[in-house]
Number of protein chains: 2
Amino acid sequence: MELKVEVLMITTGGSRIAILSDETANLLGVHSSDRISITCKKQQLIAIANIAPYFPNNRVGLYKESVEALGVKEDEAVDVSLAPLPESLFNVRAKLHGERLREKDVFGIVSDVVERHLSNVEIAAFLTALSIHGLSSAENEALSKAMVTTGKTIDFGKGPILDKHSVGGIPGDKTSMIVMPIVAAAGYTIPKTSSRAITSPAGTADRVETLCPVNLSIKEIKTVVAKTNGCLVWGGALELAPADDIFIQVEYPLGIDPMLLPSILSKKKAMGATHIAIDIPTGMGAKIKTRTEAYTLASDFVDLGKRLGMNIQCALTFGDQPLGCSIGPALEAREALYTLMGEGPPDLRDKAVSLAGMLFEMVGAENGRAKAEDMLDSGKAEAKIREIIAAQGGNSAVKPEDLPVGPEKVEVRSKHSGKVIWLSTEDIVRIAREAGTPKEKGAGLVLHSKLGEAVHKGSVLFEIYAEKSSKLASALALAEQLQPVMLTNKPAEKMILDRVPEKVMHEKHFSLDR
Amino acid sequence: MELKVEVLMITTGGSRIAILSDETANLLGVHSSDRISITCKKQQLIAIANIAPYFPNNRVGLYKESVEALGVKEDEAVDVSLAPLPESLFNVRAKLHGERLREKDVFGIVSDVVERHLSNVEIAAFLTALSIHGLSSAENEALSKAMVTTGKTIDFGKGPILDKHSVGGIPGDKTSMIVMPIVAAAGYTIPKTSSRAITSPAGTADRVETLCPVNLSIKEIKTVVAKTNGCLVWGGALELAPADDIFIQVEYPLGIDPMLLPSILSKKKAMGATHIAIDIPTGMGAKIKTRTEAYTLASDFVDLGKRLGMNIQCALTFGDQPLGCSIGPALEAREALYTLMGEGPPDLRDKAVSLAGMLFEMVGAENGRAKAEDMLDSGKAEAKIREIIAAQGGNSAVKPEDLPVGPEKVEVRSKHSGKVIWLSTEDIVRIAREAGTPKEKGAGLVLHSKLGEAVHKGSVLFEIYAEKSSKLASALALAEQLQPVMLTNKPAEKMILDRVPEKVMHEKHFSLDR
């Protein structure tokens, strides 16, 4: 059927959708979600039909992406007909019925996700089915490989190519900013790409951006790594495993994360990583609550890594409280810089040298931890990060005091004396986000007391930082309501943790950060 | 944040979506799928945020539905801020995790589906989870009730209010067109609403529309029923159980049907039905393949009916081949009229009087079948349908020969002699749709030989009808490729039904028709 193009001057955020009126659709024998073939001169496009009641007859509505792909303009005549459904959709349906998918079926689905031949509804159903049925090792492998091959890859030359990754869950986890320069200073290649925070107060990309640019192109990244062995950049615009970003967009409102492993490892594989240390924060304050869960996840990582040709070791790390004292992009960058300069909180230092040490031992060192401590204490790691900051376009002479924290701040003092028995990471994240993180880089918290420490009446429990006084005020109000730091004088005082009079609707904190 | 309205002159097909640029979203702390609150003067709207890369900053894009709901116009200033997620979304997530939902949670979800506070992605995840986990009786009851109360209902006055419904699956099932007038002629109220075909060659609404109008308003339907006891109308625009239509739109591309029972029974309840006969075609050619499946479904129907205050009985009916000889809207209406006039195929007559008889016995008759046969043979059922045709705005004197079948037609002849051992309902549906059904009402098939009948070389197996000669040709080509009628001379000839050399991707016929 010949129809005239109606250009819809917005994008759909990617989906290959075309709009038809009820009547036009009826004449074509098309229902919403059917596929239609649109041809103009020799170009053809398959789009997902959406039926809009008040749309003009004799016209087909195309979004910007399709208009560009077809090379048409407003009012141009195109030929439209019903098209067959993509094979990937039948495989998605098979997965809804619990069938295991073969490698080539998985590849077809991932490829069609990237090419936008599957709608977000269809992707949502697929992810839900994966979430409920679980993934076999073969499916995890197929997904990872497909996600790599449907995107760009970066070749950093002769290996080994080292990497470190945390599955996340505890705020303040700035470890990568210390591990990377330690490893690079020892002469190993460690090109670290990171994400921006989605549900947490700060991602590594947000932290580093307070020191130097992070949105480097593939070419610029290769230059920095060639010069310095390392980098700390944002991975989001490099088109590595693009299917992952599409999956995450759909997972976000659904609160599911069925593809955690392929998501993480596909991006590592695309970077050519050969040896990876994976940090699994474990504990009540973390994403992974129990050791059993952690061991299962760890062995799945090791196994999938093997299948993908990567040597992976996992560390279960202390996850009952935030790491270090600072939470928020600039505050955490400052704390990381202090730590590289020889100061900084002991838990952060210990975690960084342990993980860097693990990596050293994976590539043959005898006493990895000692080697890492040497890189740190000798100042070589500090020199390395300054070198990388300069290579990425920042000021290598930056001092921790220079970092743009606040400027608004307020102290929250203790009303009693006692020992800190609990710091709610979930509440701390909420307060930090209320204060403005991660968008407002100067915002966040600085904890003055950690688990087990003694506190006097009137002493500072924590400080809240913000860029705007209105946000400082609402973060303070939230902190007063939530009371994230719990104290006790006597050991057996707080036996009743909480009451459950009826089923309480409780917003569980869902963490999608990688 | 204050933004200017950008009116997007199309509808989203319902979803409450607002468009923001990347930068605006960043400033608001909003990700795609988050909810935003849009206020103008005293009106407030909650919309689902979609982030579109090239959208202008300082503007919020609103679709027609939102523009009307808010009462704003292009360039008007509105206040936009991040809004909390709806409670229903947490319950959707709970269902993804396999939790059973309580009545009030279910009600919240259905209500938000109708109000468009849940996106199609979120609805897809919900339906997928229902499909995989299954529904408890309590959930089926809650869903049905919620679907009734979130839509319109029709009160036909003093009961009993009778109804008949088929779960579908075999082509040519025109039984309702005969059952309804039989029951109405006996003085019982039987207001029959039907749907249009989604995946089959003809729905009852499509068939009846060849005789008289079917798109009646609630007011007109009540008039027809008050006058005649019955009606045969399209239920799609009456806003009965509107959630159902939204669910079906999402289920369609996914090939799942987890809400078959609440879908059917909510619409019956909205019509005030008190006694329902449910036809479950069972057999290799039907939707329900085995008796075990059929008995399970039947008892689920009876149980859910009880919970909803409706007396339901089910009949498992012969489902190994199409019903009657005609397939396609006008062809089937013609065959139904012949049957009411005393002619017509024996299987159609037998099924109609059995189901009508079942209904009579449910309201107290001694020998229901005999009563039904009397209504038919006495001519009272024929008179009744002519009365209803007139009341709905058609010609009561219509003759079967008047019906607009074809006009193109072709005979497909047998190349051998033998007995008919198999008629593939799936292939017959494909050929009928290729010929133009259901949109082209004159299209379809007429079968000349049914299961077990003897056929000579050269005799007509079936005829294909079409409105357009191009469609006739492609339907004929398809028929020649598919060979839907299988013959044999000797009993044990075709022992090998098929071979499976490797896993073959096979488009299973998915039937969403009600």
# chains A, B, ... in the order shown; residues from 1 in each chain; ligands from 1

$ closest_atom_pairs --of "chain B" --to "chain A" --cutoff "8 Å" --atoms "only C-alpha atoms" --output "Markdown table"
| residue | atom | partner | partner_atom | distance |
| --- | --- | --- | --- | --- |
| B:Ile10 | CA | A:Phe55 | CA | 6.3 |
| B:Thr11 | CA | A:Ala52 | CA | 5.7 |
| B:Thr12 | CA | A:Ala52 | CA | 6.5 |
| B:Gly13 | CA | A:Ala52 | CA | 5.2 |
| B:Asn26 | CA | A:Lys439 | CA | 7.0 |
| B:Leu27 | CA | A:Lys439 | CA | 7.4 |
| B:Gly29 | CA | A:Lys439 | CA | 7.2 |
| B:Ser32 | CA | A:Gln249 | CA | 7.2 |
| B:Ser33 | CA | A:Pro253 | CA | 6.0 |
| B:Asp34 | CA | A:Pro253 | CA | 7.3 |
| B:Asn50 | CA | A:Gly13 | CA | 7.6 |
| B:Ile51 | CA | A:Gly13 | CA | 6.6 |
| B:Ala52 | CA | A:Gly13 | CA | 5.2 |
| B:Pro53 | CA | A:Gly13 | CA | 7.0 |
| B:Tyr54 | CA | A:Ile10 | CA | 6.9 |
| B:Phe55 | CA | A:Ile10 | CA | 6.3 |
| B:Leu89 | CA | A:Leu254 | CA | 7.8 |
| B:Phe90 | CA | A:Glu507 | CA | 7.5 |
| B:Val92 | CA | A:Leu254 | CA | 7.9 |
| B:Arg93 | CA | A:Leu254 | CA | 6.0 |
| B:Leu96 | CA | A:Thr128 | CA | 6.9 |
| B:His97 | CA | A:Ile132 | CA | 7.1 |
| B:Gly98 | CA | A:Ile132 | CA | 7.9 |
| B:Asn120 | CA | A:Val121 | CA | 6.2 |
| B:Val121 | CA | A:Val121 | CA | 4.7 |
| B:Glu122 | CA | A:Leu254 | CA | 6.5 |
| B:Ala124 | CA | A:Ala125 | CA | 5.6 |
| B:Ala125 | CA | A:Ala125 | CA | 5.2 |
| B:Thr128 | CA | A:Ala125 | CA | 5.6 |
| B:Ala129 | CA | A:Thr128 | CA | 6.7 |
| B:Ser131 | CA | A:Leu96 | CA | 7.9 |
| B:Ile132 | CA | A:Leu96 | CA | 7.1 |
| B:Gln249 | CA | A:Ser32 | CA | 7.1 |
| B:Val250 | CA | A:Val121 | CA | 7.3 |
| B:Tyr252 | CA | A:Ser33 | CA | 7.6 |
| B:Pro253 | CA | A:Ser33 | CA | 6.0 |
| B:Leu254 | CA | A:Arg93 | CA | 6.0 |
| B:Gly255 | CA | A:Arg93 | CA | 6.4 |
| B:Ile256 | CA | A:Arg93 | CA | 7.9 |
| B:Lys439 | CA | A:Gly29 | CA | 6.9 |
| B:Glu507 | CA | A:Phe90 | CA | 7.5 |

$ residues_around --residues "region 390-400 of chain A" --least-positions-apart "3" --cutoff "9 Å" --atoms "only C-alpha atoms" --output "PDB file with all heavy atoms, in the first residue's frame"
ATOM      1  N   LEU A 211      38.569  15.057  38.556  1.00  0.00           N
ATOM      2  CA  LEU A 211      40.022  15.243  38.429  1.00  0.00           C
ATOM      3  C   LEU A 211      40.453  15.522  36.992  1.00  0.00           C
ATOM      4  O   LEU A 211      41.435  16.220  36.749  1.00  0.00           O
ATOM      5  CB  LEU A 211      40.753  13.985  38.913  1.00  0.00           C
ATOM      6  CG  LEU A 211      40.655  13.692  40.408  1.00  0.00           C
ATOM      7  CD1 LEU A 211      41.048  12.248  40.699  1.00  0.00           C
ATOM      8  CD2 LEU A 211      41.557  14.642  41.193  1.00  0.00           C
ATOM      9  N   CYS A 212      39.737  14.895  36.042  1.00  0.00           N
ATOM     10  CA  CYS A 212      40.140  15.052  34.632  1.00  0.00           C
ATOM     11  C   CYS A 212      38.997  14.546  33.761  1.00  0.00           C
ATOM     12  O   CYS A 212      38.099  13.878  34.259  1.00  0.00           O
ATOM     13  CB  CYS A 212      41.398  14.225  34.350  1.00  0.00           C
ATOM     14  SG  CYS A 212      41.173  12.462  34.663  1.00  0.00           S
ATOM     15  N   PRO A 213      39.026  14.847  32.469  1.00  0.00           N
ATOM     16  CA  PRO A 213      37.974  14.335  31.574  1.00  0.00           C
ATOM     17  C   PRO A 213      37.957  12.798  31.554  1.00  0.00           C
ATOM     18  O   PRO A 213      39.010  12.154  31.675  1.00  0.00           O
ATOM     19  CB  PRO A 213      38.394  14.885  30.203  1.00  0.00           C
ATOM     20  CG  PRO A 213      39.230  16.077  30.510  1.00  0.00           C
ATOM     21  CD  PRO A 213      39.942  15.760  31.778  1.00  0.00           C
ATOM     22  N   VAL A 214      36.739  12.246  31.392  1.00  0.00           N
ATOM     23  CA  VAL A 214      36.612  10.791  31.311  1.00  0.00           C
ATOM     24  C   VAL A 214      35.942  10.312  30.010  1.00  0.00           C
ATOM     25  O   VAL A 214      35.975   9.137  29.675  1.00  0.00           O
ATOM     26  CB  VAL A 214      35.818  10.207  32.509  1.00  0.00           C
ATOM     27  CG1 VAL A 214      36.577  10.409  33.803  1.00  0.00           C
ATOM     28  CG2 VAL A 214      34.424  10.774  32.590  1.00  0.00           C
ATOM     29  N   LEU A 216      36.546   9.899  26.946  1.00  0.00           N
ATOM     30  CA  LEU A 216      37.532   9.785  25.879  1.00  0.00           C
ATOM     31  C   LEU A 216      37.040   8.853  24.790  1.00  0.00           C
ATOM     32  O   LEU A 216      36.324   7.887  25.047  1.00  0.00           O
ATOM     33  CB  LEU A 216      38.865   9.263  26.443  1.00  0.00           C
ATOM     34  CG  LEU A 216      39.832  10.307  27.020  1.00  0.00           C
ATOM     35  CD1 LEU A 216      39.208  11.095  28.156  1.00  0.00           C
ATOM     36  CD2 LEU A 216      41.110   9.631  27.497  1.00  0.00           C
ATOM     37  N   GLU A 220      41.607   8.054  21.764  1.00  0.00           N
ATOM     38  CA  GLU A 220      42.257   8.769  22.867  1.00  0.00           C
ATOM     39  C   GLU A 220      42.623   7.804  23.987  1.00  0.00           C
ATOM     40  O   GLU A 220      43.690   7.914  24.599  1.00  0.00           O
ATOM     41  CB  GLU A 220      41.315   9.864  23.406  1.00  0.00           C
ATOM     42  CG  GLU A 220      41.128  11.023  22.426  1.00  0.00           C
ATOM     43  CD  GLU A 220      39.947  11.926  22.787  1.00  0.00           C
ATOM     44  OE1 GLU A 220      38.972  11.437  23.417  1.00  0.00           O
ATOM     45  OE2 GLU A 220      39.999  13.122  22.447  1.00  0.00           O
ATOM     46  N   ILE A 221      41.755   6.838  24.246  1.00  0.00           N
ATOM     47  CA  ILE A 221      42.027   5.853  25.303  1.00  0.00           C
ATOM     48  C   ILE A 221      43.285   5.067  24.961  1.00  0.00           C
ATOM     49  O   ILE A 221      44.164   4.848  25.810  1.00  0.00           O
ATOM     50  CB  ILE A 221      40.828   4.905  25.485  1.00  0.00           C
ATOM     51  CG1 ILE A 221      39.635   5.659  26.076  1.00  0.00           C
ATOM     52  CG2 ILE A 221      41.200   3.710  26.366  1.00  0.00           C
ATOM     53  CD1 ILE A 221      38.339   4.871  26.063  1.00  0.00           C
ATOM     54  N   THR A 223      45.743   5.956  23.201  1.00  0.00           N
ATOM     55  CA  THR A 223      46.910   6.821  23.362  1.00  0.00           C
ATOM     56  C   THR A 223      47.329   6.908  24.828  1.00  0.00           C
ATOM     57  O   THR A 223      48.507   6.755  25.174  1.00  0.00           O
ATOM     58  CB  THR A 223      46.595   8.244  22.837  1.00  0.00           C
ATOM     59  OG1 THR A 223      46.144   8.140  21.496  1.00  0.00           O
ATOM     60  CG2 THR A 223      47.835   9.138  22.900  1.00  0.00           C
ATOM     61  N   VAL A 224      46.351   7.133  25.713  1.00  0.00           N
ATOM     62  CA  VAL A 224      46.638   7.233  27.156  1.00  0.00           C
ATOM     63  C   VAL A 224      47.244   5.927  27.671  1.00  0.00           C
ATOM     64  O   VAL A 224      48.223   5.917  28.423  1.00  0.00           O
ATOM     65  CB  VAL A 224      45.344   7.574  27.947  1.00  0.00           C
ATOM     66  CG1 VAL A 224      45.572   7.444  29.445  1.00  0.00           C
ATOM     67  CG2 VAL A 224      44.850   8.973  27.588  1.00  0.00           C
ATOM     68  N   LYS A 227      50.757   5.291  26.563  1.00  0.00           N
ATOM     69  CA  LYS A 227      51.719   6.170  27.248  1.00  0.00           C
ATOM     70  C   LYS A 227      51.918   5.775  28.708  1.00  0.00           C
ATOM     71  O   LYS A 227      53.035   5.829  29.227  1.00  0.00           O
ATOM     72  CB  LYS A 227      51.200   7.619  27.160  1.00  0.00           C
ATOM     73  CG  LYS A 227      52.277   8.664  27.449  1.00  0.00           C
ATOM     74  CD  LYS A 227      51.690  10.052  27.669  1.00  0.00           C
ATOM     75  CE  LYS A 227      50.973  10.590  26.444  1.00  0.00           C
ATOM     76  NZ  LYS A 227      50.530  11.999  26.704  1.00  0.00           N
ATOM     77  N   THR A 228      50.827   5.401  29.405  1.00  0.00           N
ATOM     78  CA  THR A 228      50.889   5.261  30.864  1.00  0.00           C
ATOM     79  C   THR A 228      50.600   3.853  31.398  1.00  0.00           C
ATOM     80  O   THR A 228      50.725   3.625  32.589  1.00  0.00           O
ATOM     81  CB  THR A 228      49.851   6.188  31.535  1.00  0.00           C
ATOM     82  OG1 THR A 228      48.546   5.665  31.253  1.00  0.00           O
ATOM     83  CG2 THR A 228      49.952   7.618  31.024  1.00  0.00           C
ATOM     84  N   CYS A 231      44.322   3.785  32.513  1.00  0.00           N
ATOM     85  CA  CYS A 231      43.386   4.881  32.271  1.00  0.00           C
ATOM     86  C   CYS A 231      42.212   4.690  33.213  1.00  0.00           C
ATOM     87  O   CYS A 231      42.027   3.599  33.775  1.00  0.00           O
ATOM     88  CB  CYS A 231      42.891   4.903  30.820  1.00  0.00           C
ATOM     89  SG  CYS A 231      41.823   3.504  30.394  1.00  0.00           S
ATOM     90  N   LEU A 232      41.428   5.742  33.399  1.00  0.00           N
ATOM     91  CA  LEU A 232      40.177   5.645  34.172  1.00  0.00           C
ATOM     92  C   LEU A 232      39.145   6.447  33.384  1.00  0.00           C
ATOM     93  O   LEU A 232      39.066   7.664  33.504  1.00  0.00           O
ATOM     94  CB  LEU A 232      40.354   6.256  35.574  1.00  0.00           C
ATOM     95  CG  LEU A 232      40.974   5.381  36.656  1.00  0.00           C
ATOM     96  CD1 LEU A 232      41.393   6.215  37.857  1.00  0.00           C
ATOM     97  CD2 LEU A 232      40.021   4.275  37.101  1.00  0.00           C
ATOM     98  N   VAL A 233      38.399   5.765  32.521  1.00  0.00           N
ATOM     99  CA  VAL A 233      37.495   6.459  31.593  1.00  0.00           C
ATOM    100  C   VAL A 233      36.070   5.939  31.694  1.00  0.00           C
ATOM    101  O   VAL A 233      35.810   4.876  32.269  1.00  0.00           O
ATOM    102  CB  VAL A 233      37.986   6.310  30.133  1.00  0.00           C
ATOM    103  CG1 VAL A 233      39.332   7.004  29.950  1.00  0.00           C
ATOM    104  CG2 VAL A 233      38.072   4.840  29.750  1.00  0.00           C
ATOM    105  N   ALA A 333      36.819  11.180  45.427  1.00  0.00           N
ATOM    106  CA  ALA A 333      38.068  11.402  44.671  1.00  0.00           C
ATOM    107  C   ALA A 333      39.125  11.974  45.593  1.00  0.00           C
ATOM    108  O   ALA A 333      40.300  11.600  45.529  1.00  0.00           O
ATOM    109  CB  ALA A 333      37.796  12.353  43.504  1.00  0.00           C
ATOM    110  N   ARG A 334      38.696  12.857  46.477  1.00  0.00           N
ATOM    111  CA  ARG A 334      39.625  13.452  47.436  1.00  0.00           C
ATOM    112  C   ARG A 334      40.210  12.380  48.346  1.00  0.00           C
ATOM    113  O   ARG A 334      41.433  12.334  48.585  1.00  0.00           O
ATOM    114  CB  ARG A 334      38.878  14.520  48.254  1.00  0.00           C
ATOM    115  CG  ARG A 334      39.749  15.251  49.240  1.00  0.00           C
ATOM    116  CD  ARG A 334      39.008  16.375  49.941  1.00  0.00           C
ATOM    117  NE  ARG A 334      38.071  15.890  50.948  1.00  0.00           N
ATOM    118  CZ  ARG A 334      37.418  16.683  51.805  1.00  0.00           C
ATOM    119  NH1 ARG A 334      37.599  17.991  51.761  1.00  0.00           N
ATOM    120  NH2 ARG A 334      36.591  16.183  52.682  1.00  0.00           N
ATOM    121  N   GLU A 335      39.341  11.515  48.855  1.00  0.00           N
ATOM    122  CA  GLU A 335      39.799  10.448  49.758  1.00  0.00           C
ATOM    123  C   GLU A 335      40.743   9.485  49.032  1.00  0.00           C
ATOM    124  O   GLU A 335      41.726   9.009  49.607  1.00  0.00           O
ATOM    125  CB  GLU A 335      38.594   9.702  50.329  1.00  0.00           C
ATOM    126  CG  GLU A 335      38.946   8.712  51.427  1.00  0.00           C
ATOM    127  CD  GLU A 335      37.701   8.232  52.170  1.00  0.00           C
ATOM    128  OE1 GLU A 335      36.945   7.407  51.608  1.00  0.00           O
ATOM    129  OE2 GLU A 335      37.507   8.664  53.324  1.00  0.00           O
ATOM    130  N   ALA A 336      40.458   9.215  47.763  1.00  0.00           N
ATOM    131  CA  ALA A 336      41.320   8.310  46.992  1.00  0.00           C
ATOM    132  C   ALA A 336      42.699   8.938  46.812  1.00  0.00           C
ATOM    133  O   ALA A 336      43.731   8.267  46.973  1.00  0.00           O
ATOM    134  CB  ALA A 336      40.682   8.018  45.626  1.00  0.00           C
ATOM    135  N   LEU A 337      42.701  10.235  46.529  1.00  0.00           N
ATOM    136  CA  LEU A 337      43.968  10.940  46.320  1.00  0.00           C
ATOM    137  C   LEU A 337      44.793  10.930  47.609  1.00  0.00           C
ATOM    138  O   LEU A 337      45.999  10.649  47.611  1.00  0.00           O
ATOM    139  CB  LEU A 337      43.669  12.368  45.860  1.00  0.00           C
ATOM    140  CG  LEU A 337      44.721  13.090  45.032  1.00  0.00           C
ATOM    141  CD1 LEU A 337      45.262  12.223  43.897  1.00  0.00           C
ATOM    142  CD2 LEU A 337      44.117  14.390  44.468  1.00  0.00           C
ATOM    143  N   TYR A 338      44.141  11.200  48.741  1.00  0.00           N
ATOM    144  CA  TYR A 338      44.838  11.148  50.044  1.00  0.00           C
ATOM    145  C   TYR A 338      45.450   9.767  50.258  1.00  0.00           C
ATOM    146  O   TYR A 338      46.588   9.637  50.717  1.00  0.00           O
ATOM    147  CB  TYR A 338      43.869  11.438  51.198  1.00  0.00           C
ATOM    148  CG  TYR A 338      43.713  12.903  51.536  1.00  0.00           C
ATOM    149  CD1 TYR A 338      42.452  13.490  51.623  1.00  0.00           C
ATOM    150  CD2 TYR A 338      44.835  13.693  51.799  1.00  0.00           C
ATOM    151  CE1 TYR A 338      42.292  14.831  51.939  1.00  0.00           C
ATOM    152  CE2 TYR A 338      44.690  15.045  52.106  1.00  0.00           C
ATOM    153  CZ  TYR A 338      43.426  15.611  52.177  1.00  0.00           C
ATOM    154  OH  TYR A 338      43.278  16.939  52.491  1.00  0.00           O
ATOM    155  N   ALA A 383      52.430   8.902  41.658  1.00  0.00           N
ATOM    156  CA  ALA A 383      53.015   9.489  40.445  1.00  0.00           C
ATOM    157  C   ALA A 383      52.262   8.995  39.221  1.00  0.00           C
ATOM    158  O   ALA A 383      51.989   9.754  38.285  1.00  0.00           O
ATOM    159  CB  ALA A 383      54.492   9.106  40.347  1.00  0.00           C
ATOM    160  N   ILE A 385      49.076   7.984  38.991  1.00  0.00           N
ATOM    161  CA  ILE A 385      47.752   8.564  38.777  1.00  0.00           C
ATOM    162  C   ILE A 385      47.864   9.999  38.280  1.00  0.00           C
ATOM    163  O   ILE A 385      47.085  10.440  37.443  1.00  0.00           O
ATOM    164  CB  ILE A 385      46.807   8.456  39.996  1.00  0.00           C
ATOM    165  CG1 ILE A 385      45.374   8.638  39.481  1.00  0.00           C
ATOM    166  CG2 ILE A 385      47.141   9.461  41.093  1.00  0.00           C
ATOM    167  CD1 ILE A 385      44.291   8.147  40.339  1.00  0.00           C
ATOM    168  N   ARG A 386      48.899  10.712  38.753  1.00  0.00           N
ATOM    169  CA  ARG A 386      49.071  12.100  38.281  1.00  0.00           C
ATOM    170  C   ARG A 386      49.416  12.103  36.801  1.00  0.00           C
ATOM    171  O   ARG A 386      48.972  12.971  36.035  1.00  0.00           O
ATOM    172  CB  ARG A 386      50.118  12.821  39.130  1.00  0.00           C
ATOM    173  CG  ARG A 386      49.627  13.043  40.566  1.00  0.00           C
ATOM    174  CD  ARG A 386      50.590  13.845  41.415  1.00  0.00           C
ATOM    175  NE  ARG A 386      50.086  14.034  42.772  1.00  0.00           N
ATOM    176  CZ  ARG A 386      49.105  14.907  43.112  1.00  0.00           C
ATOM    177  NH1 ARG A 386      48.545  15.661  42.171  1.00  0.00           N
ATOM    178  NH2 ARG A 386      48.709  14.998  44.369  1.00  0.00           N
ATOM    179  N   GLU A 387      50.223  11.095  36.406  1.00  0.00           N
ATOM    180  CA  GLU A 387      50.582  10.963  34.979  1.00  0.00           C
ATOM    181  C   GLU A 387      49.324  10.714  34.142  1.00  0.00           C
ATOM    182  O   GLU A 387      49.134  11.306  33.079  1.00  0.00           O
ATOM    183  CB  GLU A 387      51.565   9.787  34.859  1.00  0.00           C
ATOM    184  CG  GLU A 387      52.217   9.665  33.495  1.00  0.00           C
ATOM    185  CD  GLU A 387      52.961   8.323  33.327  1.00  0.00           C
ATOM    186  OE1 GLU A 387      53.185   7.606  34.343  1.00  0.00           O
ATOM    187  OE2 GLU A 387      53.289   7.989  32.180  1.00  0.00           O
ATOM    188  N   LEU A 403      39.787  19.791  45.374  1.00  0.00           N
ATOM    189  CA  LEU A 403      38.582  19.156  44.814  1.00  0.00           C
ATOM    190  C   LEU A 403      37.317  19.878  45.253  1.00  0.00           C
ATOM    191  O   LEU A 403      37.192  20.279  46.415  1.00  0.00           O
ATOM    192  CB  LEU A 403      38.547  17.672  45.183  1.00  0.00           C
ATOM    193  CG  LEU A 403      39.471  16.880  44.251  1.00  0.00           C
ATOM    194  CD1 LEU A 403      39.939  15.593  44.867  1.00  0.00           C
ATOM    195  CD2 LEU A 403      38.768  16.605  42.927  1.00  0.00           C
TER     196      LEU A 403
END

$ atom_distance --atom1 "CA of Asn140 (chain A)" --atom2 "CA of Ala294 (chain A)"
17.8 Å

$ residues_around --residues "Asp347 (chain B)" --least-positions-apart "5" --cutoff "9 Å" --atoms "only C-alpha atoms" --output "compact mmCIF listing (two decimals) with all heavy atoms, in the first residue's frame"
# COMPACT_ATOMS: atom_id res chain seq x y z
N LEU B 323 -15.40 -26.93 12.03
CA LEU B 323 -16.82 -27.19 12.27
C LEU B 323 -17.64 -26.78 11.05
O LEU B 323 -17.49 -25.65 10.58
CB LEU B 323 -17.30 -26.41 13.50
CG LEU B 323 -18.74 -26.68 13.90
CD1 LEU B 323 -18.88 -28.10 14.45
CD2 LEU B 323 -19.22 -25.68 14.94
N GLY B 324 -18.47 -27.65 10.57
CA GLY B 324 -19.22 -27.34 9.36
C GLY B 324 -18.29 -27.36 8.15
O GLY B 324 -17.21 -27.94 8.19
N ALA B 352 -24.81 -27.16 18.11
CA ALA B 352 -25.65 -26.05 18.54
C ALA B 352 -26.77 -26.50 19.46
O ALA B 352 -27.01 -25.91 20.51
CB ALA B 352 -26.22 -25.31 17.32

$ residues_around --residues "Val110 (chain A)" --least-positions-apart "3" --cutoff "9 Å" --atoms "only C-alpha atoms" --output "CSV table (one decimal) with N, CA and C atoms, in the first residue's frame"
chain,number,residue,atom,x,y,z
A,88,SER,N,14.1,-14.2,15.8
A,88,SER,CA,14.4,-14.0,17.2
A,88,SER,C,13.2,-13.9,18.1
A,105,ASP,N,20.6,-19.2,18.5
A,105,ASP,CA,19.3,-18.5,18.8
A,105,ASP,C,19.6,-17.3,19.7
A,106,VAL,N,20.5,-17.4,20.7
A,106,VAL,CA,20.9,-16.3,21.5
A,106,VAL,C,21.5,-15.2,20.7
A,107,PHE,N,22.4,-15.6,19.8
A,107,PHE,CA,23.0,-14.6,19.0
A,107,PHE,C,22.0,-13.8,18.2
A,113,VAL,N,18.3,-7.2,19.1
A,113,VAL,CA,18.1,-6.2,20.2
A,113,VAL,C,18.9,-5.0,19.8
A,114,VAL,N,20.2,-5.2,19.3
A,114,VAL,CA,21.0,-4.1,18.9
A,114,VAL,C,20.5,-3.4,17.7
A,115,GLU,N,20.0,-4.2,16.7
A,115,GLU,CA,19.5,-3.6,15.5
A,115,GLU,C,18.1,-3.1,15.7
A,143,LEU,N,25.4,-15.6,25.6
A,143,LEU,CA,25.0,-14.2,25.7
A,143,LEU,C,26.2,-13.3,25.7
A,146,ALA,N,27.8,-13.1,22.3
A,146,ALA,CA,26.9,-12.3,21.4
A,146,ALA,C,27.0,-10.9,21.7
A,147,MET,N,27.1,-10.5,23.0
A,147,MET,CA,27.1,-9.1,23.3
A,147,MET,C,28.4,-8.5,22.9
A,150,THR,N,28.5,-8.1,18.9
A,150,THR,CA,27.5,-7.2,18.3
A,150,THR,C,27.9,-5.7,18.7
A,243,ALA,N,24.3,-4.0,23.4
A,243,ALA,CA,23.1,-4.7,23.8
A,243,ALA,C,22.9,-4.6,25.3

$ residues_around --residues "Leu135 (chain B)" --least-positions-apart "5" --cutoff "9 Å" --atoms "only C-alpha atoms" --output "PyMOL selection string"
chain B and resi 100+130+140+258-259
